[in-house]
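Engineer: Right, I'll just put the structure down here and ask away after.
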Amino acid sequence: MNRNRILFGIGVLAFVSVIVTVRLGGFLVDNEYRQPDRQVAAQEEQGEAELTPRQQGIADEQAADEAEAQARPYEEAEYRTVPFVGSRVTVWVLAQLHLLFAAFVLAVPLFAFIIEFVGYVKKEERYNKLAYEFTKLLSVSFSMTATFGAFLTFGLIILYPKFTNYLMHIFSPTFLPYVLLFFLEALFLYSYYYGWGKFGPKMHLFLGFMLNIVGTAIMFIANAWLTFMMSPGRRDDVDGDGVPDFVSAVSESGALLSLRDAFFNFTWMPINIHRIIANVAFGGSIAAAYAAFRYLQAKTDEEKAHFDWMGYVGNFVAIIAFLPLPFAGYYLAAEIYAFSQTLGIQMMGGTFSWLFVIQAALIGNLFLGANYYLWLGMGRMEGGVHFQKFIKWLLIAIALCFAVWATPRYAISSVSEIAAMGGSSHPQLSYLGQMSAKNTAVNILILSTYMSFLLYRRTGRQSVHPHRDLLTRAQAIVFSSAAALVIFYGVYGYYVDAAIRIRFAIPQVYSVLAALVVITVIDLPLYRNAAQSGETKWGRMPAVSQYALIFIALSFTWLMGLMGYVRSGLRQEWHVYGVILDTSPDAYTPTLGFATQVVSVTVLIFFGLLGVVFWLSSLGGKKDWEPKPVADGRDQLEGGQAA
Amino acid sequence: MWGLNLPIVLALAAIGGVLAWRRAHTLVWLLYTGGALWAFFRFGFTVPIPQSVATIYLGITGLALVSYASSSRERLAETVQPIQRLILEPRYRLALAGLLVALPGLAAYNAYADLTMPLEAPGFGREIHPPPPTELTVHDETIDMATAENPYLHYKHDDPELYGKHVENGRRVYYENCFWCHGDGMGGDGMFAHGLNPVPSNFNDVGTLPALQSSFVHWRIAKGGPGMPAGGTPWDSAMPAWEKFLTTEEMWDVNLFIYDFNGYEPRALGQH
């Protein structure tokens, strides 16, 4: 039977069902209990019809409700509730979804602009095309960001009216600039996207530049609102004793003393730095996931090659931004600790510290996934077998560092395990749970990942530099020295006081960063105009590599949700820390399991919506709809619709 | 040695040596690595490592092995080749049948072992320094925990003589009340220390006093073990609530003294 007929039949059936239901309801109401017919008929004739007991009851209830409604004085609600999920989870999910789309919308223009600029300098059209491909994702994501921003705003106004009103009291002067910047963001974003190829390259680059400036400014304003909730004041040495003092932006009752102090508060700049870097890493990974999605759908070799390259660039951006992220996170955590010992202890030693074990596992997965993708990428090059033998050793180093990083200081143990260990920490493994081991592990992970990238870069290429042996040896010495220094400080840390040990993190980080810079500076001339032993075959990646890209994007998203919860949840029973108490029924810290479930569901919703974004973005590349020709020469209409 | 169960470790190493000598196939190496690490985590330490940690390690091991096997087309083909031969070649039918019985059998045994595991009460971790409240009320005086400092600390620079008097008073208070548990030298090893669980704090430790603001120490002295936040339980500290026995000044003085004695400064607000 024709599909359209079935659909039509279902529609008619549904319509008839509604009519029958309504009629049946009417019949039942009409036939309720009444006074005996004759008496009612007589009363009706005399115009004295009495109400049935049921009708009388309903009328009385309505009258009572009306009287109560009239007598009720106007009261401002402090909180409103949402059935089943609760107010907190509702706002939590909405805020997280808004933030994820916003992070993506802010990040993509940043690297699209850089890629376009590289294309402009190198005079290579393929970079321009790639930047345009990334920008295609922006239009729908921008609408999603705005939609969830509106959801969140209404959610806050409806569910937390008093607190939202308080935030408006503090930050109302920032709202108009925010909206104006948002308008400019829309203007620059759409002119950047729709103006591709319509403006001269310099003008177009200028639009991209302005888009980034405006987007970053918007984020900085929103960051002030949320960081104020955590640290409502700034740090300054007021009494000149060399020790920073806390200058509160609000009075004890919560009245605003200084908008400047509320805006440029204690944790504002650390969040700004952390978010810019994290946004780029996250945006790169999502763009790479989009490329993977298109790669898996691609039908032609040309399409495969294009999306393989796009995935590679997106992942490259993500990993480059990811490498300094642990240091930015460390800075943010240190500032939170410096602002309040309560928050600091709660975060790193209290309930929330368990979430950092999950964070370690996720970051380990990210490093492993990124390296795995690079190793698979060696298969693109002909003659790529040469470096395969190193993969085993790199993998051992990465797995060991991953294990060290995920080792908790105090393990979750049963009673018998605690009895066997003589406490909550294992006599041997607890050494791996300390800061010295963790810092060493993360630095070696970064070095190993960089080594994977170097091997990937060299696969199928032969340097023609006259001093290639000398320079390669110099790179090896720099790399080994940095690794040796990191391990030395890691081991030496166990033999010195904690106060000195903490400072060892600095030379470890600097030696790694210095090694990355020096090796890169040597590598650029070393492999300039290198002889290619084989051709790079874009589009030759196995499908599993594309799933690795999606896995990396998923891990990034989950990580953002988790760490966002830690930062926000640390305030515990406070809306604004130390100023406005949360007195709603949700003012308790949920269990870790529940929190991770909320994060997981949010990530799933985000990826569902992202699927819609990817689908909409890929529509542009599809063929236009055309009516199917039929035998008698007339056009057959698809889906029962006229063209 | 190093807490390792040497016979197990040596046996595993010997098997690895034999495989290296015989130039074992990639698949054999992968199976050996997975199995050997499982055995190492389970039996390789004289004090067994907790199941939760072993699970993390085995998860990482599994991911790493799968990554290695599939990190290039050639290696993947090499790894799965024996499996394909086992399935496709008639001469391995007996081995295949054995495997088809063994794998579900292993899963069944695992389910059986899980179900017959003896039930145990769950263990609880304890926070050594539980997060303090945001405000503290002692003798009807409320202080903000984030900003409060020892009111006599500034005498160290402004009036060293007065500072010395407060430290001396703190010394008297300490050796009248605190040293029984925290010890003569403040190492947490006083004469009563061995009967207490949790053990008294060691003030010599660089991770204790310098990491805490003086308001935190004041909170611990004033309120003691009773009413400790949930994170500091389940073993309630035996520390008395000294606000019931000492004046506010005496408590700040002993606070000053323990820092002075150990040569530490309290962590200041805004200090990393």
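Labeling convention for the structure tokens: chains A, B, ... as they appear, residues from 1 per chain, ligands from 1 in order of appearance.
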I'd like to know which residues of range 17-220 of chain B are strand (DSSP E) (by DSSP, run on the backbone); could you write them as a PDB file with N, CA and C atoms, in the first residue's frame?
Structural biologist:
ATOM      1  N   GLU B 135      32.308  31.151  58.970  1.00  0.00           N
ATOM      2  CA  GLU B 135      32.323  32.022  60.158  1.00  0.00           C
ATOM      3  C   GLU B 135      32.523  31.160  61.394  1.00  0.00           C
ATOM      4  N   LEU B 136      33.112  31.753  62.411  1.00  0.00           N
ATOM      5  CA  LEU B 136      33.357  30.997  63.641  1.00  0.00           C
ATOM      6  C   LEU B 136      32.974  31.875  64.829  1.00  0.00           C
ATOM      7  N   THR B 137      32.146  31.315  65.712  1.00  0.00           N
ATOM      8  CA  THR B 137      31.769  32.069  66.914  1.00  0.00           C
ATOM      9  C   THR B 137      32.391  31.399  68.137  1.00  0.00           C
ATOM     10  N   VAL B 138      33.259  32.150  68.839  1.00  0.00           N
ATOM     11  CA  VAL B 138      33.917  31.641  70.035  1.00  0.00           C
ATOM     12  C   VAL B 138      33.698  32.670  71.139  1.00  0.00           C
ATOM     13  N   GLU B 141      31.981  35.842  70.226  1.00  0.00           N
ATOM     14  CA  GLU B 141      32.640  36.717  69.256  1.00  0.00           C
ATOM     15  C   GLU B 141      32.725  35.972  67.911  1.00  0.00           C
ATOM     16  N   THR B 142      32.192  36.592  66.852  1.00  0.00           N
ATOM     17  CA  THR B 142      32.174  35.924  65.549  1.00  0.00           C
ATOM     18  C   THR B 142      33.287  36.471  64.664  1.00  0.00           C
ATOM     19  N   ILE B 143      34.030  35.561  64.061  1.00  0.00           N
ATOM     20  CA  ILE B 143      35.097  36.000  63.144  1.00  0.00           C
ATOM     21  C   ILE B 143      34.849  35.400  61.757  1.00  0.00           C
ATOM     22  N   ASP B 144      35.321  36.133  60.737  1.00  0.00           N
ATOM     23  CA  ASP B 144      35.242  35.652  59.353  1.00  0.00           C
ATOM     24  C   ASP B 144      36.473  34.782  59.115  1.00  0.00           C
TER      25      ASP B 144
END
Engineer: Fewer than 3 positions away in the same chain doesn't count, so skip those; otherwise give me all residues within 8 Å of Leu296 in chain A, counting only C-alpha atoms, as a count of residues only.
Structural biologist: 4
Engineer: Report as a list in words: the residues of range 195-263 of chain B with a DSSP assignment of alpha helix (DSSP H), based on the backbone of this structure.
Structural biologist: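 These are the residues in question: Ser214, Ser215, Phe216, Val217, His218, Trp219, Arg220, Ile221, Ala222, Lys223, Thr248, Glu249, Glu250, Met251, Trp252, Asp253, Val254, Asn255, Leu256, Phe257, Ile258, Tyr259, Asp260, Phe261 and Asn262 of chain B.
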Engineer: So that I can see what lies close to Val66 in chain B, please list as an MDAnalysis selection string the residues with an atom at most 9 Å from it, counting only C-alpha atoms and leaving out residues fewer than 5 positions away in the same chain.
Structural biologist: chainID B and resid 30 61 71
Engineer: Using only C-alpha atoms, which residue out of B:Met251, B:Val18, B:Ile60, B:Cys181 lies closest to chain A?
Structural biologist: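 Looking at the shortest contact to chain A, the residue is B:Ile60.
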Engineer: Each residue of range 175-232 of chain A lying at most 9 Å from range 268-273 of chain A should get a row with its shortest atom-to-atom pair and the distance in Å to one decimal, counting only C-alpha atoms; could you produce that, ordered by chain and increasing number, as a tab-separated table?
Structural biologist:
residue	atom	partner	partner_atom	distance
A:Thr216	CA	A:Asn272	CA	9.0
A:Met219	CA	A:Asn272	CA	7.8
A:Phe220	CA	A:Asn272	CA	6.4
A:Asn223	CA	A:Trp268	CA	6.5
A:Ala224	CA	A:Trp268	CA	5.9
A:Leu226	CA	A:Trp268	CA	8.6
A:Thr227	CA	A:Trp268	CA	5.6
A:Phe228	CA	A:Trp268	CA	7.8
A:Ser231	CA	A:Trp268	CA	8.5
Engineer: Please compute the CA of Ala291 in chain A-CA of Gln532 in chain A distance, one decimal, in Å.
Structural biologist: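 Calculated distance between CA of Ala291 in chain A and CA of Gln532 in chain A is 26.3 Å.
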Engineer: Give me the residues within 12 Å of range 156-160 of chain B as number ranges by chain, counting only C-alpha atoms and dropping any in the same chain fewer than 3 places off.
Structural biologist: A: 241; B: 150-153, 163-167, 256-257, 260, 265
Engineer: For range 74-82 of chain B, list every protein, DNA or RNA residue within 9 Å, evaluated using only C-alpha atoms, and leave out those in the same chain fewer than 4 positions away; present the list as a ChimeraX atom specification.
Structural biologist: /B:25-28,30,68-70,86-87
Engineer: Any chance you can output those residues with C-alpha atoms as a PDB file, in the first residue's frame?
Structural biologist:
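Final output, saved to part.pdb:
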ATOM      1  CA  HIS B  25      54.122 -13.273  17.841  1.00  0.00           C
ATOM      2  CA  THR B  26      52.530  -9.838  18.498  1.00  0.00           C
ATOM      3  CA  LEU B  27      49.273 -11.424  19.639  1.00  0.00           C
ATOM      4  CA  VAL B  28      51.122 -13.604  22.138  1.00  0.00           C
ATOM      5  CA  LEU B  30      49.650  -8.665  23.867  1.00  0.00           C
ATOM      6  CA  TYR B  68      49.004  -0.672  20.162  1.00  0.00           C
ATOM      7  CA  ALA B  69      47.388  -3.514  18.236  1.00  0.00           C
ATOM      8  CA  SER B  70      45.406  -1.136  16.036  1.00  0.00           C
ATOM      9  CA  LEU B  86      41.956 -20.207  14.235  1.00  0.00           C
ATOM     10  CA  ILE B  87      38.452 -19.514  13.015  1.00  0.00           C
TER      11      ILE B  87
END
Engineer: Tell me which protein, DNA and RNA residues are within 12 Å of Ala334 in chain A, counting only C-alpha atoms, leaving out same-chain ones fewer than 4 positions away, and put them as a list in words.
Structural biologist: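 Surrounding residues, per the criterion: Phe266, Thr267, Pro270, Ile271, Phe327, Ala328, Gly329, Tyr330, Ala338, Phe339, Ser340, Gln341, Leu343, Gly344, Ile345, Met347, Met348 and Ile502 of chain A; Gly270, Gln271 and His272 of chain B.
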